[in-house]
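> Here it is, the structure, as structure tokens.
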Amino acid sequence: MADYVFGIDVGGTSIKCGLFQADGTIVDKWEIRTRTENNGDEIIPDVAKSVQQKMKEKGIAKEDVAGLGMGVPGPVMADGEVLVAVNLHWGHKKVAAELEAVLGFTVKVGNDANVAALGEMWKGGGRGTKNLVMVTLGTGVGGGIIVDGKIVVGAHGAGGEIGHAAMDPELEASCNCGNNGCLEQFASATGIVRLAEEELASAKEPTVLKPNMISAKAVLDAYKTEDVVAVRIVEDFAKTLGNALAIFACVVDPEIFVIGGGVSKAGQPLIDVIQKYYQRYAFKSCKETPLVQAELGNDAGIYGAAKLALD
């Protein structure tokens, strides 16, 4: 059995790279710049060059590498073909085939959020499970669904795009995707700011929150001090997210929900209020499904990519 595997997480500004042993022990990690100019034509050659340089540095032969996994920000088909990756300026691109042609070993590619979920299942908050839903609460809401240890890709590469579940289609404000009332309009950092602005426009109680200085962190910090207005905002956020998770549980019945992203750094108080609403709305058989905080942080993508290559 080959001893090593590479995990690559491609972002809009940087590419995180990891070299792992086959058991998941990380040997080295590094970053390179994402060169998105010229329709992102340099990204794949840059990754190949960086991997080859690391193999040379570590004295690793091609036959010692089990493969390379890669997460990219966009829909990915099961054969590693990327349909579109707007932040990379990619259109249709056969990423796995292009990299394999240069490197000479197996390459597998997945959506970055799905791949991060796989990483959390393997070595993070979901260790020991094979069925999980990961929710990433950042500027938007990302997600990944793992069933029986495998990523749910779907027919169009859109499996796990939970941030665009329609929670309130009558909402006047539109989502970046063009629809109205998507989950990420309520549960992302920008969604919390939107909820806060609406609440502050009519709130009568004293609050530490200032209308022109609102951020998700400010709201969550105020929530921990039991600021009355912040409590209402967070309860509104948690009600919508808990309801969404209850719906997802009816579809895939995960063993665990893993909550990650910048918003999740608010910690257990945030997890607890989401869990409260989840249990209120969940189908009886799913009510006790735990919600836990993600553990791998920014490394979830490289761990998941490595695991993708090994499967």
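Ordered as shown in the structure tokens, chains take letters A, B, and onward, while each chain numbers its residues from 1 and ligands are numbered from 1 in the order shown.
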Give me, as a list in words, all polymer residues having an atom no more than 9 Å from Val10 (chain A), counting only C-alpha atoms and skipping those fewer than 2 positions away in the same chain.
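The residues that qualify are Ile8, Gly12, Thr13, Ser14, Ile15, Lys16, Cys17, Thr34, Ile43, Met70, Gly71, Val72, Pro73, Leu88, Asp112 and Gly301 of chain A.
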> Can you tell me, as a list in words, what residues are no more than 9 Å from region 282-291 of chain A when counting only C-alpha atoms, ignoring any on the same chain fewer than 3 positions away?
Gly242, Asn243, Leu245, Ala246, Ile247, Ala249, Cys250, Asp253, Pro254, Glu255, Ile256, Phe257, Val258, Ile259, Ile271, Asp272, Ile274, Gln275, Tyr277, Tyr278 and Gln279 of chain A
> Using the chain letters and numbers from this document, which residues of region 159-256 of chain A does DSSP assign to helix (DSSP H, G or I), as number ranges by chain?
A: 162-164, 184-187, 189-200, 216-224, 228-252
> Considering only C-alpha atoms, return as a PyMOL selection string whatever protein or nucleic-acid residues lie within 12 Å of Cys175 (chain A), sequence-local ones (same chain, fewer than 5 positions apart) excluded.
chain A and resi 140-141+163-169+180-186+188+190-191+194
> Could the residues in this selection be saved with C-alpha atoms as a PDB file, in the first residue's frame?

```pdb
ATOM      1  CA  GLY A 140     -22.699  32.475   3.482  1.00  0.00           C
ATOM      2  CA  VAL A 141     -23.934  29.057   4.603  1.00  0.00           C
ATOM      3  CA  GLY A 163     -27.478  27.341   2.351  1.00  0.00           C
ATOM      4  CA  HIS A 164     -29.921  27.754  -0.508  1.00  0.00           C
ATOM      5  CA  ALA A 165     -32.805  25.826   1.020  1.00  0.00           C
ATOM      6  CA  ALA A 166     -35.837  28.149   0.792  1.00  0.00           C
ATOM      7  CA  MET A 167     -36.870  28.943   4.369  1.00  0.00           C
ATOM      8  CA  ASP A 168     -39.020  31.989   3.604  1.00  0.00           C
ATOM      9  CA  PRO A 169     -39.751  32.358  -0.131  1.00  0.00           C
ATOM     10  CA  ASN A 180     -35.582  34.745  -2.003  1.00  0.00           C
ATOM     11  CA  GLY A 181     -35.539  33.586   1.604  1.00  0.00           C
ATOM     12  CA  CYS A 182     -32.578  31.197   1.445  1.00  0.00           C
ATOM     13  CA  LEU A 183     -31.199  29.769   4.691  1.00  0.00           C
ATOM     14  CA  GLU A 184     -28.023  31.816   4.333  1.00  0.00           C
ATOM     15  CA  GLN A 185     -30.081  35.004   4.479  1.00  0.00           C
ATOM     16  CA  PHE A 186     -30.830  34.060   8.107  1.00  0.00           C
ATOM     17  CA  SER A 188     -24.823  33.377   7.888  1.00  0.00           C
ATOM     18  CA  THR A 190     -24.388  38.577   6.848  1.00  0.00           C
ATOM     19  CA  GLY A 191     -27.794  37.071   7.669  1.00  0.00           C
ATOM     20  CA  ARG A 194     -29.642  41.654   8.366  1.00  0.00           C
TER      21      ARG A 194
END
```
> For Lys93 (chain A), list every protein, DNA or RNA residue within 7 Å, evaluated using only C-alpha atoms, and leave out those in the same chain fewer than 4 positions away; present the list as a VMD selection string.
chain A and resid 81 to 83
> Residues of the last selection are to be written out with N, CA and C atoms, as a compact mmCIF listing (two decimals), in the first residue's frame.

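Once written, result34.txt looks like this:
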```txt
# COMPACT_ATOMS: atom_id res chain seq x y z
N GLU A 81 -15.17 16.44 -12.69
CA GLU A 81 -15.36 17.54 -13.64
C GLU A 81 -16.06 18.69 -12.93
N VAL A 82 -15.46 19.86 -12.98
CA VAL A 82 -16.03 21.06 -12.36
C VAL A 82 -16.93 21.77 -13.36
N LEU A 83 -18.16 22.02 -12.96
CA LEU A 83 -19.10 22.67 -13.87
C LEU A 83 -18.84 24.16 -13.97
```
> Might you pull out every residue within 12 Å of Val51 (chain A), with only C-alpha atoms counted and same-chain residues fewer than 4 positions away left off, and present them as a VMD selection string?
chain A and resid 4 to 8 15 to 19 28 to 32 44 to 47 55 to 62 65 67 to 69 99 102 to 105
> Can you tell me which residues surround Trp122 (chain A) at a distance of at most 10 Å, considering only C-alpha atoms, apart from same-chain residues fewer than 3 positions away, and format the answer as number ranges by chain?
A: 24, 116-119, 125-130, 149, 300, 303-304, 306-307
> I need the residues from that last selection saved to file as a CSV table (one decimal), in the first residue's frame (with all heavy atoms), if you can.

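Dumped to part26.csv:
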```
chain,number,residue,atom,x,y,z
A,24,GLY,N,-3.8,9.2,8.0
A,24,GLY,CA,-4.4,10.5,8.4
A,24,GLY,C,-3.4,11.4,9.2
A,24,GLY,O,-3.8,12.5,9.5
A,116,ALA,N,-14.8,19.3,3.2
A,116,ALA,CA,-14.6,19.7,4.6
A,116,ALA,C,-15.4,18.8,5.5
A,116,ALA,O,-14.9,18.4,6.6
A,116,ALA,CB,-14.9,21.2,4.8
A,117,ALA,N,-16.6,18.5,5.1
A,117,ALA,CA,-17.5,17.6,5.9
A,117,ALA,C,-16.8,16.2,6.0
A,117,ALA,O,-16.8,15.6,7.1
A,117,ALA,CB,-18.9,17.4,5.2
A,118,LEU,N,-16.3,15.7,4.9
A,118,LEU,CA,-15.6,14.4,4.9
A,118,LEU,C,-14.4,14.5,5.9
A,118,LEU,O,-14.1,13.5,6.6
A,118,LEU,CB,-15.1,14.1,3.5
A,118,LEU,CG,-14.6,12.7,3.2
A,118,LEU,CD1,-15.8,11.7,3.4
A,118,LEU,CD2,-14.1,12.5,1.8
A,119,GLY,N,-13.7,15.6,5.9
A,119,GLY,CA,-12.6,15.8,6.9
A,119,GLY,C,-13.0,15.7,8.3
A,119,GLY,O,-12.4,15.1,9.1
A,125,GLY,N,-14.9,16.7,14.3
A,125,GLY,CA,-16.0,16.6,15.3
A,125,GLY,C,-16.9,15.4,15.0
A,125,GLY,O,-17.6,15.0,15.9
A,126,GLY,N,-16.8,14.8,13.8
A,126,GLY,CA,-17.7,13.7,13.5
A,126,GLY,C,-16.9,12.4,13.5
A,126,GLY,O,-17.4,11.4,12.9
A,127,ARG,N,-15.7,12.3,14.1
A,127,ARG,CA,-15.0,11.1,14.2
A,127,ARG,C,-15.8,9.9,14.7
A,127,ARG,O,-16.5,10.1,15.7
A,127,ARG,CB,-13.8,11.2,15.2
A,127,ARG,CG,-12.6,11.9,14.6
A,127,ARG,CD,-11.4,11.8,15.5
A,127,ARG,NE,-11.7,12.2,16.9
A,127,ARG,CZ,-11.7,13.4,17.3
A,127,ARG,NH1,-11.5,14.4,16.5
A,127,ARG,NH2,-12.0,13.7,18.6
A,128,GLY,N,-15.7,8.8,14.0
A,128,GLY,CA,-16.4,7.6,14.5
A,128,GLY,C,-17.8,7.5,13.9
A,128,GLY,O,-18.5,6.5,14.1
A,129,THR,N,-18.2,8.4,13.1
A,129,THR,CA,-19.5,8.3,12.4
A,129,THR,C,-19.3,8.1,10.9
A,129,THR,O,-18.3,8.3,10.4
A,129,THR,CB,-20.4,9.6,12.6
A,129,THR,OG1,-19.7,10.7,11.9
A,129,THR,CG2,-20.4,10.0,14.1
A,130,LYS,N,-20.4,7.7,10.3
A,130,LYS,CA,-20.4,7.6,8.8
A,130,LYS,C,-21.5,8.3,8.1
A,130,LYS,O,-21.7,8.3,6.9
A,130,LYS,CB,-20.5,6.1,8.4
A,130,LYS,CG,-19.2,5.3,8.7
A,130,LYS,CD,-19.1,4.0,8.0
A,130,LYS,CE,-17.7,3.4,8.1
A,130,LYS,NZ,-17.7,2.1,7.3
A,149,GLY,N,-20.5,7.1,4.8
A,149,GLY,CA,-19.0,7.4,4.6
A,149,GLY,C,-18.7,8.1,3.2
A,149,GLY,O,-17.6,8.4,2.9
A,300,ALA,N,-9.9,21.5,7.7
A,300,ALA,CA,-10.9,20.5,7.4
A,300,ALA,C,-10.8,20.2,5.9
A,300,ALA,O,-11.0,19.0,5.5
A,300,ALA,CB,-12.3,21.0,7.7
A,303,TYR,N,-7.8,17.8,5.1
A,303,TYR,CA,-8.0,16.5,5.6
A,303,TYR,C,-9.0,15.7,4.8
A,303,TYR,O,-8.9,14.6,4.4
A,303,TYR,CB,-8.5,16.6,7.1
A,303,TYR,CG,-7.4,16.6,8.1
A,303,TYR,CD1,-6.9,17.8,8.6
A,303,TYR,CD2,-6.9,15.5,8.7
A,303,TYR,CE1,-5.9,17.9,9.5
A,303,TYR,CE2,-5.8,15.5,9.6
A,303,TYR,CZ,-5.4,16.7,10.0
A,303,TYR,OH,-4.4,16.8,11.0
A,304,GLY,N,-10.1,16.4,4.5
A,304,GLY,CA,-11.2,15.8,3.7
A,304,GLY,C,-10.7,15.5,2.3
A,304,GLY,O,-11.1,14.4,1.7
A,306,ALA,N,-7.7,14.7,1.4
A,306,ALA,CA,-6.9,13.5,1.5
A,306,ALA,C,-7.7,12.2,1.7
A,306,ALA,O,-7.4,11.2,1.1
A,306,ALA,CB,-5.9,13.6,2.7
A,307,LYS,N,-8.8,12.3,2.5
A,307,LYS,CA,-9.7,11.2,2.7
A,307,LYS,C,-10.4,10.8,1.4
A,307,LYS,O,-10.5,9.6,1.0
A,307,LYS,CB,-10.7,11.5,3.8
A,307,LYS,CG,-11.7,10.4,4.0
A,307,LYS,CD,-11.2,9.1,4.5
A,307,LYS,CE,-12.3,8.1,4.9
A,307,LYS,NZ,-11.8,6.8,5.0
```
